[in-house]
file entry-v8.txt (compact mmCIF, C-alpha atoms and all ligand atoms)
# COMPACT_ATOMS: atom_id res chain seq x y z
CA MET A 1 0.00 0.00 0.00
CA SER A 2 1.37 3.40 -0.92
CA MET A 3 0.70 6.69 0.78
CA MET A 4 3.16 8.47 -1.48
CA LEU A 5 0.44 10.10 -3.57
CA VAL A 6 0.40 13.84 -3.04
CA PRO A 7 -2.91 14.49 -1.31
CA THR A 8 -5.47 16.59 -3.16
CA PRO A 9 -6.49 20.03 -1.80
CA GLY A 10 -9.79 18.48 -0.75
CA THR A 11 -8.02 15.80 1.25
CA VAL A 12 -5.76 18.33 2.98
CA LEU A 13 -8.77 20.48 3.81
CA ALA A 14 -10.62 17.47 5.25
CA ALA A 15 -7.61 16.33 7.30
CA PRO A 16 -7.73 17.25 11.01
CA LYS A 17 -5.06 19.92 11.57
CA VAL A 18 -3.31 21.49 14.55
CA LEU A 19 -1.97 25.04 14.60
CA LEU A 20 0.47 26.30 17.24
CA HIS A 21 1.76 29.56 15.78
CA ASP A 22 -0.78 32.06 14.45
CA HIS A 23 -1.11 35.76 15.27
CA LEU A 24 -4.57 37.16 16.01
CA ASP A 25 -3.59 40.52 14.48
CA GLY A 26 -2.21 38.76 11.41
CA GLY A 27 -5.38 36.90 10.49
CA LEU A 28 -8.19 39.44 10.05
CA ARG A 29 -10.56 39.19 7.10
CA PRO A 30 -9.99 42.17 4.74
CA LEU A 31 -13.70 43.07 4.81
CA THR A 32 -13.59 43.07 8.62
CA VAL A 33 -10.66 45.50 8.59
CA VAL A 34 -12.68 47.88 6.39
CA GLU A 35 -15.86 47.59 8.47
CA LEU A 36 -14.04 47.97 11.78
CA ALA A 37 -12.18 51.02 10.47
CA GLN A 38 -15.54 52.60 9.63
CA GLU A 39 -17.10 51.61 12.96
CA THR A 40 -14.20 52.68 15.13
CA GLY A 41 -13.19 55.79 13.20
CA TYR A 42 -9.75 54.49 12.19
CA ARG A 43 -8.51 56.67 9.35
CA GLY A 44 -5.18 55.14 8.35
CA LEU A 45 -6.16 52.49 5.73
CA PRO A 46 -4.55 52.80 2.28
CA THR A 47 -7.96 51.97 0.70
CA GLU A 48 -11.47 51.15 1.94
CA ASP A 49 -12.22 48.80 -0.93
CA PRO A 50 -12.03 45.26 0.54
CA ALA A 51 -10.61 43.62 -2.62
CA ALA A 52 -7.99 46.33 -3.10
CA LEU A 53 -7.15 46.17 0.59
CA ALA A 54 -6.71 42.38 0.41
CA ASP A 55 -4.27 43.00 -2.47
CA TRP A 56 -2.43 45.66 -0.51
CA PHE A 57 -2.01 43.30 2.47
CA ARG A 58 -0.75 40.55 0.17
CA GLN A 59 1.84 42.85 -1.37
CA GLY A 60 2.78 43.98 2.11
CA GLY A 61 3.54 40.37 2.87
CA ASP A 62 5.71 39.97 -0.17
CA GLY A 63 9.12 40.28 1.40
CA SER A 64 10.34 43.20 -0.66
CA SER A 65 9.81 45.49 2.27
CA LEU A 66 9.78 44.54 5.91
CA GLU A 67 8.53 48.07 6.65
CA ARG A 68 5.46 47.50 4.53
CA TYR A 69 4.89 44.20 6.33
CA LEU A 70 5.04 45.96 9.67
CA ALA A 71 2.78 48.77 8.39
CA ALA A 72 0.18 46.09 7.71
CA PHE A 73 0.09 45.34 11.44
CA GLN A 74 -0.39 49.01 12.25
CA HIS A 75 -3.68 48.80 10.37
CA THR A 76 -4.92 45.53 11.87
CA VAL A 77 -3.96 46.64 15.37
CA GLY A 78 -5.36 50.08 14.57
CA VAL A 79 -8.86 48.64 14.19
CA MET A 80 -8.54 46.39 17.29
CA GLN A 81 -8.95 49.14 19.89
CA THR A 82 -12.50 48.50 21.15
CA PRO A 83 -13.85 45.44 23.00
CA ALA A 84 -16.42 44.79 20.25
CA ALA A 85 -13.73 44.88 17.53
CA ILE A 86 -11.41 42.53 19.41
CA GLU A 87 -14.27 40.16 20.15
CA ARG A 88 -15.31 40.07 16.48
CA VAL A 89 -11.75 39.47 15.26
CA ALA A 90 -11.31 36.62 17.75
CA ALA A 91 -14.67 35.00 16.89
CA GLU A 92 -13.93 35.16 13.16
CA CYS A 93 -10.48 33.70 13.80
CA ALA A 94 -12.04 30.64 15.46
CA LEU A 95 -14.60 30.28 12.66
CA ASP A 96 -12.03 30.65 9.87
CA LEU A 97 -9.66 28.12 11.41
CA ALA A 98 -12.49 25.66 11.99
CA ALA A 99 -13.62 26.08 8.37
CA ASP A 100 -10.05 25.20 7.34
CA GLY A 101 -10.27 21.92 9.26
CA VAL A 102 -8.15 23.02 12.22
CA VAL A 103 -9.27 21.00 15.25
CA TYR A 104 -6.90 22.56 17.78
CA ALA A 105 -5.28 26.00 17.67
CA GLU A 106 -3.16 28.22 19.88
CA VAL A 107 -3.48 31.80 18.66
CA ARG A 108 -1.28 34.52 20.08
CA TYR A 109 -1.61 38.25 20.54
CA ALA A 110 0.10 41.05 22.45
CA PRO A 111 -2.78 42.61 24.43
CA GLU A 112 -0.71 45.73 25.11
CA LEU A 113 -1.16 46.59 21.40
CA SER A 114 -4.89 47.08 21.99
CA THR A 115 -4.44 49.69 24.73
CA GLN A 116 -3.78 52.63 22.38
CA ALA A 117 -7.26 54.09 22.87
CA GLY A 118 -7.32 53.60 26.62
CA LEU A 119 -8.51 49.98 27.10
CA ASP A 120 -6.96 48.18 30.05
CA LEU A 121 -5.38 44.76 29.68
CA ASP A 122 -8.19 42.87 31.43
CA THR A 123 -10.78 44.36 29.10
CA VAL A 124 -8.69 43.28 26.13
CA MET A 125 -8.38 39.75 27.53
CA ALA A 126 -12.11 39.45 28.23
CA ALA A 127 -12.97 40.53 24.67
CA TRP A 128 -10.37 38.23 23.10
CA LEU A 129 -11.33 35.12 25.08
CA GLY A 130 -15.04 35.90 24.77
CA GLY A 131 -14.62 36.05 20.99
CA PHE A 132 -12.89 32.67 20.92
CA GLU A 133 -15.73 31.15 22.91
CA ARG A 134 -18.41 32.60 20.66
CA GLY A 135 -16.54 31.57 17.50
CA ALA A 136 -15.90 28.03 18.73
CA THR A 137 -19.54 27.61 19.76
CA ALA A 138 -20.70 28.78 16.32
CA ALA A 139 -18.19 26.49 14.59
CA ALA A 140 -19.39 23.48 16.60
CA ALA A 141 -22.98 24.29 15.63
CA GLN A 142 -21.86 24.14 11.98
CA GLY A 143 -20.36 20.69 12.53
CA ARG A 144 -16.76 21.95 12.65
CA PRO A 145 -15.70 21.63 16.29
CA ILE A 146 -12.48 23.41 17.25
CA THR A 147 -10.62 23.76 20.53
CA ILE A 148 -8.96 27.16 20.54
CA ARG A 149 -6.62 28.61 23.18
CA ALA A 150 -4.68 31.85 23.62
CA ILE A 151 -0.98 32.56 24.00
CA VAL A 152 -0.28 35.95 25.54
CA THR A 153 2.60 37.76 23.85
CA ALA A 154 4.83 40.49 25.22
CA MET A 155 6.71 42.75 22.80
CA ARG A 156 10.51 42.48 22.96
CA GLN A 157 11.09 46.17 22.33
CA TYR A 158 8.82 47.35 25.14
CA ALA A 159 9.20 47.11 28.90
CA ARG A 160 5.93 45.53 30.04
CA SER A 161 6.91 41.86 29.85
CA VAL A 162 6.59 41.13 33.60
CA GLU A 163 3.12 42.66 33.71
CA ILE A 164 2.16 40.71 30.58
CA ALA A 165 3.54 37.46 32.02
CA GLU A 166 1.45 38.03 35.17
CA LEU A 167 -1.56 38.61 32.95
CA ALA A 168 -0.96 35.34 31.09
CA VAL A 169 -0.78 33.38 34.34
CA ARG A 170 -3.87 35.11 35.73
CA TYR A 171 -5.91 33.89 32.74
CA ARG A 172 -4.52 30.36 32.65
CA ASP A 173 -7.83 28.77 33.64
CA LYS A 174 -9.82 31.01 31.34
CA GLY A 175 -8.34 29.99 28.00
CA VAL A 176 -4.69 31.10 28.07
CA VAL A 177 -2.16 28.28 27.75
CA GLY A 178 1.17 30.08 27.45
CA PHE A 179 3.40 33.12 27.13
CA ASP A 180 5.52 34.32 24.20
CA ILE A 181 7.71 37.22 23.27
CA ALA A 182 7.70 38.64 19.76
CA GLY A 183 8.97 41.70 17.93
CA PRO A 184 12.40 42.56 16.49
CA GLU A 185 14.98 39.88 17.32
CA LYS A 186 18.02 41.93 16.53
CA GLY A 187 18.95 44.33 19.32
CA PHE A 188 16.23 42.98 21.64
CA PRO A 189 17.48 39.66 23.00
CA PRO A 190 15.02 37.63 25.08
CA SER A 191 17.40 37.85 28.06
CA ARG A 192 16.18 41.44 28.50
CA HIS A 193 13.03 39.80 29.83
CA LEU A 194 14.45 37.26 32.29
CA ASP A 195 12.17 38.45 35.10
CA ALA A 196 9.13 37.64 32.98
CA PHE A 197 10.38 34.13 32.15
CA GLN A 198 11.24 33.56 35.81
CA LEU A 199 7.69 34.44 36.73
CA ILE A 200 6.31 32.01 34.14
CA HIS A 201 8.56 29.17 35.33
CA GLN A 202 7.74 29.80 38.97
CA ALA A 203 4.06 29.50 38.15
CA ASN A 204 4.69 26.19 36.29
CA PHE A 205 3.35 27.85 33.18
CA HIS A 206 4.35 27.52 29.52
CA VAL A 207 6.60 29.58 27.28
CA THR A 208 7.46 29.71 23.60
CA ILE A 209 9.82 32.31 22.15
CA HIS A 210 10.19 33.71 18.63
CA ALA A 211 13.83 32.90 17.88
CA GLY A 212 16.04 31.99 14.96
CA GLU A 213 13.93 33.75 12.35
CA ALA A 214 15.77 37.00 11.59
CA PHE A 215 18.71 36.25 13.85
CA GLY A 216 20.84 33.13 14.16
CA LEU A 217 22.07 30.56 16.63
CA PRO A 218 22.82 32.90 19.57
CA SER A 219 19.18 33.91 19.60
CA ILE A 220 18.03 30.27 19.65
CA TRP A 221 20.57 29.38 22.33
CA GLU A 222 19.44 32.26 24.51
CA ALA A 223 15.75 31.43 24.11
CA LEU A 224 16.37 27.84 25.22
CA GLN A 225 19.17 28.00 27.74
CA ALA A 226 18.80 31.46 29.29
CA CYS A 227 15.04 31.86 29.07
CA GLY A 228 13.77 28.27 29.27
CA ALA A 229 11.65 28.27 26.11
CA GLU A 230 9.74 25.00 25.69
CA ARG A 231 9.16 25.64 21.98
CA LEU A 232 10.83 27.81 19.36
CA GLY A 233 8.87 30.19 17.12
CA HIS A 234 10.34 29.55 13.64
CA GLY A 235 13.81 28.32 14.65
CA VAL A 236 14.77 27.99 10.96
CA ARG A 237 18.32 29.16 11.57
CA ILE A 238 19.06 25.98 13.52
CA VAL A 239 20.25 24.67 10.13
CA ASP A 240 23.34 26.85 10.67
CA ASP A 241 24.31 24.20 13.24
CA ILE A 242 23.80 21.24 10.88
CA GLU A 243 26.30 20.12 8.27
CA VAL A 244 25.08 17.92 5.45
CA GLY A 245 27.74 16.31 3.26
CA ARG A 246 27.38 15.47 -0.43
CA ASP A 247 27.00 11.81 0.52
CA GLY A 248 23.94 12.72 2.60
CA ARG A 249 25.69 12.16 5.89
CA TYR A 250 25.08 14.84 8.44
CA ALA A 251 26.65 16.22 11.59
CA LEU A 252 24.79 18.16 14.27
CA GLY A 253 26.42 20.82 16.42
CA THR A 254 25.69 20.67 20.14
CA LEU A 255 22.77 23.12 19.95
CA ALA A 256 21.05 21.30 17.08
CA ALA A 257 21.67 17.98 18.84
CA TYR A 258 20.18 19.34 22.08
CA ILE A 259 17.07 20.54 20.25
CA ARG A 260 16.59 17.20 18.53
CA ASP A 261 17.43 15.07 21.59
CA ARG A 262 15.10 17.02 23.86
CA ARG A 263 12.38 17.01 21.20
CA VAL A 264 12.10 20.82 21.32
CA PRO A 265 9.21 21.68 18.99
CA LEU A 266 9.95 23.98 16.06
CA GLU A 267 6.99 26.15 15.07
CA MET A 268 7.85 26.47 11.39
CA CYS A 269 5.98 28.96 9.17
CA PRO A 270 7.26 28.35 5.61
CA THR A 271 5.54 31.08 3.54
CA SER A 272 5.99 33.69 6.24
CA ASN A 273 9.72 32.89 6.34
CA ILE A 274 9.94 33.60 2.61
CA HIS A 275 7.95 36.82 2.92
CA THR A 276 10.16 38.19 5.68
CA GLY A 277 13.31 37.12 3.85
CA ALA A 278 14.42 34.52 6.43
CA VAL A 279 14.44 31.85 3.67
CA ALA A 280 14.97 32.46 -0.07
CA SER A 281 12.38 30.08 -1.52
CA ILE A 282 10.13 27.19 -0.52
CA GLU A 283 12.53 24.71 -2.15
CA ARG A 284 15.28 26.00 0.12
CA HIS A 285 13.20 25.96 3.28
CA PRO A 286 14.80 23.67 5.89
CA VAL A 287 11.46 22.16 6.94
CA ASP A 288 12.06 19.02 4.85
CA LEU A 289 15.67 18.51 5.99
CA LEU A 290 14.60 18.94 9.61
CA ARG A 291 11.73 16.51 9.08
CA ARG A 292 14.04 13.90 7.56
CA LEU A 293 16.40 14.32 10.52
CA ARG A 294 13.39 13.76 12.78
CA PHE A 295 13.40 17.09 14.57
CA ARG A 296 10.05 17.84 16.26
CA VAL A 297 8.80 19.86 13.25
CA THR A 298 5.37 21.52 13.20
CA VAL A 299 3.84 23.55 10.36
CA ASN A 300 2.09 26.86 11.00
CA THR A 301 0.62 29.93 9.33
CA ASP A 302 2.06 32.87 11.32
CA ASN A 303 0.03 35.63 9.58
CA ARG A 304 -2.79 34.35 7.40
CA LEU A 305 -3.80 37.78 6.10
CA MET A 306 -0.35 39.17 5.22
CA SER A 307 0.93 35.89 3.78
CA ASP A 308 -2.42 34.98 2.17
CA VAL A 309 -2.26 31.43 3.51
CA THR A 310 -4.28 28.92 5.47
CA LEU A 311 -2.88 25.93 7.32
CA SER A 312 -4.28 23.75 4.51
CA SER A 313 -2.53 25.83 1.84
CA GLU A 314 0.76 25.63 3.74
CA LEU A 315 0.52 21.85 4.04
CA GLU A 316 -0.45 21.55 0.37
CA LEU A 317 2.55 23.66 -0.61
CA LEU A 318 4.84 21.33 1.33
CA ALA A 319 3.14 18.27 -0.14
CA ARG A 320 3.67 19.61 -3.68
CA THR A 321 7.23 20.80 -3.09
CA PHE A 322 8.61 17.91 -1.07
CA GLY A 323 6.22 15.12 -2.02
CA PHE A 324 4.64 14.76 1.40
CA GLY A 325 1.86 12.20 1.57
CA LEU A 326 -0.79 11.61 4.21
CA ASP A 327 1.77 9.83 6.40
CA GLU A 328 3.93 12.94 6.59
CA LEU A 329 0.93 15.20 7.16
CA GLN A 330 -0.24 12.99 10.01
CA TRP A 331 3.26 12.95 11.51
CA LEU A 332 3.42 16.76 11.41
CA THR A 333 -0.06 17.00 12.94
CA LEU A 334 0.74 14.56 15.74
CA ASN A 335 3.97 16.48 16.41
CA ALA A 336 1.96 19.66 16.81
CA MET A 337 -0.63 18.11 19.11
CA LYS A 338 2.04 16.48 21.28
CA SER A 339 3.77 19.87 21.50
CA SER A 340 0.70 21.88 22.45
CA PHE A 341 0.41 23.56 25.84
CA LEU A 342 -2.87 21.80 26.56
CA SER A 343 -2.84 19.31 29.44
CA PHE A 344 -1.60 15.80 28.66
CA ASP A 345 -4.98 14.12 28.95
CA GLN A 346 -6.62 16.71 26.70
CA ARG A 347 -3.87 16.24 24.10
CA LEU A 348 -4.38 12.48 24.16
CA ARG A 349 -8.11 12.90 23.77
CA ILE A 350 -7.67 14.96 20.59
CA ILE A 351 -4.98 12.62 19.23
CA ASN A 352 -6.96 9.42 19.80
CA GLY A 353 -10.45 10.82 19.37
CA THR A 354 -9.97 13.11 16.37
CA ILE A 355 -6.58 13.11 14.63
CA LYS A 356 -5.87 9.39 14.31
CA PRO A 357 -9.42 8.38 13.30
CA GLY A 358 -9.51 11.30 10.82
CA TYR A 359 -6.31 10.23 9.10
CA ALA A 360 -7.30 6.57 9.17
CA ARG A 361 -10.45 7.50 7.27
CA LEU A 362 -8.55 9.58 4.71
CA MET A 363 -5.95 6.86 4.20
CA ALA A 364 -8.68 4.27 3.65
CA GLU A 365 -10.31 6.58 1.08
CA ALA A 366 -6.99 7.20 -0.69
CA THR A 367 -6.38 3.47 -0.87
CA ALA A 368 -9.87 2.82 -2.22
CA LEU A 369 -9.32 5.45 -4.91
CA ALA A 370 -5.99 4.03 -5.98
CA PRO A 371 -6.53 0.24 -5.95
CA THR A 372 -3.72 -0.38 -8.42
CA LEU A 373 -1.22 0.87 -5.88
CA VAL A 374 -2.30 -1.56 -3.17
ZN ZN A 401 5.15 34.72 14.67
call {"tool": "encode", "arguments": {"input": "entry-v8.txt", "output": "structure tokens"}}
result
Amino acid sequence: MSMMLVPTPGTVLAAPKVLLHDHLDGGLRPLTVVELAQETGYRGLPTEDPAALADWFRQGGDGSSLERYLAAFQHTVGVMQTPAAIERVAAECALDLAADGVVYAEVRYAPELSTQAGLDLDTVMAAWLGGFERGATAAAAQGRPITIRAIVTAMRQYARSVEIAELAVRYRDKGVVGFDIAGPEKGFPPSRHLDAFQLIHQANFHVTIHAGEAFGLPSIWEALQACGAERLGHGVRIVDDIEVGRDGRYALGTLAAYIRDRRVPLEMCPTSNIHTGAVASIERHPVDLLRRLRFRVTVNTDNRLMSDVTLSSELELLARTFGFGLDELQWLTLNAMKSSFLSFDQRLRIINGTIKPGYARLMAEATALAPTLV
């Protein structure tokens, strides 16, 4: 029996998927940005035509200019300054992910970004988590159940990380599963925020850190060994610590070996890495090498609006480029679920109750459709 057939878009869409790295402010619907700008009086949009705006966001995500990419976030964050707006964005996020066949998601956001018009952090959290609940309830009613949780992000370039870490811990039983820091890697090492990580560890809480995207091995080392990150956001530059010879033999440096030995999950975001210039092309993305070396690889979207992707489209792209079949997609999905910040018994329930039966069904269908390959 062969599972080497590249799965069709319909199969990838139907497959149960798990998403660990997705930004709430990077996933708005273009029409929602326009409507929220009108409702909230935000005046900064380059155009109020939803189709033209969708185009503008796509171009902003096209690598040529990191400034343009960052300007895109000014607009999404710009319209997320009222509780109703935040709630709507969060509800639509849950619905859109569920419609894409995502069965478990951890979506992150820096709540301090929504305080520009005077909201306090607790109001932002209530709106965000309330939106997730409403969206997940609506998705379940449509026959697309999703479990969705929040990761609270602090910005590297600001000085509120301890307060934000406290906030994350305070909401741990209300839908928050972890803490993250994001923002410019260069010049803002995670060790500037040691107090925040200390607080997270002392509370037995979870932490993932954006590292090894724009900046190399020292950033990854620091995230793991100085700050105690359990997962790495991106982590693509770990390939700088791997030598592959022409004969296919490879040698891992001590950092790469540590990451593989300890099964440190890599939250890889292929298209986003190309758009921000971290990787030159999909063919040159290290996701396949790292998969073959059996690192704990997971596949993620990062910013669905700016990169114009879904988790299904990312997986399809990898399937087309590297010849992944259903076996590989299931492996990546199980990696992600095992690496989630949900409790162990909840993870097992989703693995055994949803992911494995879902893939078993798809594999049986693929076999039935291709009897000559049996
Ligand atoms: Zn990210």
call {"tool": "residues_near_ligand", "arguments": {"input": "entry-v8.txt", "ligand": "ligand ZN 401 (chain A)", "cutoff": "7 Å", "atoms": "all atoms listed in the file", "output": "list in words"}}
result
His21, Asp22, His23, Ala182, His210, Gly233 and Asp302 of chain A
call {"tool": "atom_distance", "arguments": {"input": "entry-v8.txt", "atom1": "CA of Arg304 (chain A)", "atom2": "CA of Ala168 (chain A)"}}
result
23.8 Å
call {"tool": "residues_around", "arguments": {"input": "entry-v8.txt", "residues": "Ile209 (chain A)", "least_positions_apart": "2", "cutoff": "6 Å", "atoms": "all atoms listed in the file", "output": "PyMOL selection string"}}
result
chain A and resi 180-181+211+229+232-233
call {"tool": "write_last_selection", "arguments": {"input": "entry-v8.txt", "atoms": "C-alpha atoms", "output": "compact mmCIF listing (two decimals), in the coordinates of the input"}}
result
# COMPACT_ATOMS: atom_id res chain seq x y z
CA ASP A 180 5.52 34.32 24.20
CA ILE A 181 7.71 37.22 23.27
CA ALA A 211 13.83 32.90 17.88
CA ALA A 229 11.65 28.27 26.11
CA LEU A 232 10.83 27.81 19.36
CA GLY A 233 8.87 30.19 17.12
call {"tool": "atom_distance", "arguments": {"input": "entry-v8.txt", "atom1": "CA of Leu97 (chain A)", "atom2": "CA of Phe324 (chain A)"}}
result
22.0 Å
call {"tool": "closest_residue", "arguments": {"input": "entry-v8.txt", "among": "A:Ala366, A:Leu348, A:Val18, A:Val79", "to": "Thr147 (chain A)", "atoms": "only C-alpha atoms"}}
result
A:Val18
call {"tool": "atom_distance", "arguments": {"input": "entry-v8.txt", "atom1": "CA of Val176 (chain A)", "atom2": "CA of Ala141 (chain A)"}}
result
23.1 Å
call {"tool": "residues_around", "arguments": {"input": "entry-v8.txt", "residues": "region 243-254 of chain A", "least_positions_apart": "6", "cutoff": "10 Å", "atoms": "only C-alpha atoms", "output": "number ranges by chain"}}
result
A: 260, 289, 293
call {"tool": "residues_around", "arguments": {"input": "entry-v8.txt", "residues": "Tyr171 (chain A)", "least_positions_apart": "5", "cutoff": "10 Å", "atoms": "all atoms listed in the file", "output": "count of residues only"}}
result
10
call {"tool": "decode", "arguments": {"input": "entry-v8.txt", "residues": "region 172-199 of chain A", "atoms": "C-alpha atoms", "output": "mmCIF file, in the first residue's frame"}}
result
data_model
loop_
_atom_site.group_PDB
_atom_site.id
_atom_site.type_symbol
_atom_site.label_atom_id
_atom_site.label_comp_id
_atom_site.auth_asym_id
_atom_site.auth_seq_id
_atom_site.Cartn_x
_atom_site.Cartn_y
_atom_site.Cartn_z
ATOM 1 C CA ARG A 172 -4.521 30.355 32.650
ATOM 2 C CA ASP A 173 -7.827 28.767 33.638
ATOM 3 C CA LYS A 174 -9.824 31.011 31.341
ATOM 4 C CA GLY A 175 -8.339 29.986 28.000
ATOM 5 C CA VAL A 176 -4.689 31.103 28.074
ATOM 6 C CA VAL A 177 -2.156 28.279 27.753
ATOM 7 C CA GLY A 178 1.175 30.080 27.447
ATOM 8 C CA PHE A 179 3.405 33.123 27.130
ATOM 9 C CA ASP A 180 5.516 34.317 24.198
ATOM 10 C CA ILE A 181 7.709 37.216 23.271
ATOM 11 C CA ALA A 182 7.699 38.643 19.759
ATOM 12 C CA GLY A 183 8.973 41.697 17.925
ATOM 13 C CA PRO A 184 12.397 42.558 16.493
ATOM 14 C CA GLU A 185 14.984 39.881 17.317
ATOM 15 C CA LYS A 186 18.021 41.927 16.529
ATOM 16 C CA GLY A 187 18.945 44.328 19.316
ATOM 17 C CA PHE A 188 16.231 42.984 21.642
ATOM 18 C CA PRO A 189 17.483 39.656 22.999
ATOM 19 C CA PRO A 190 15.020 37.632 25.083
ATOM 20 C CA SER A 191 17.403 37.846 28.057
ATOM 21 C CA ARG A 192 16.178 41.440 28.500
ATOM 22 C CA HIS A 193 13.027 39.804 29.827
ATOM 23 C CA LEU A 194 14.448 37.262 32.286
ATOM 24 C CA ASP A 195 12.166 38.450 35.096
ATOM 25 C CA ALA A 196 9.128 37.638 32.982
ATOM 26 C CA PHE A 197 10.378 34.128 32.149
ATOM 27 C CA GLN A 198 11.239 33.555 35.809
ATOM 28 C CA LEU A 199 7.693 34.441 36.734
#
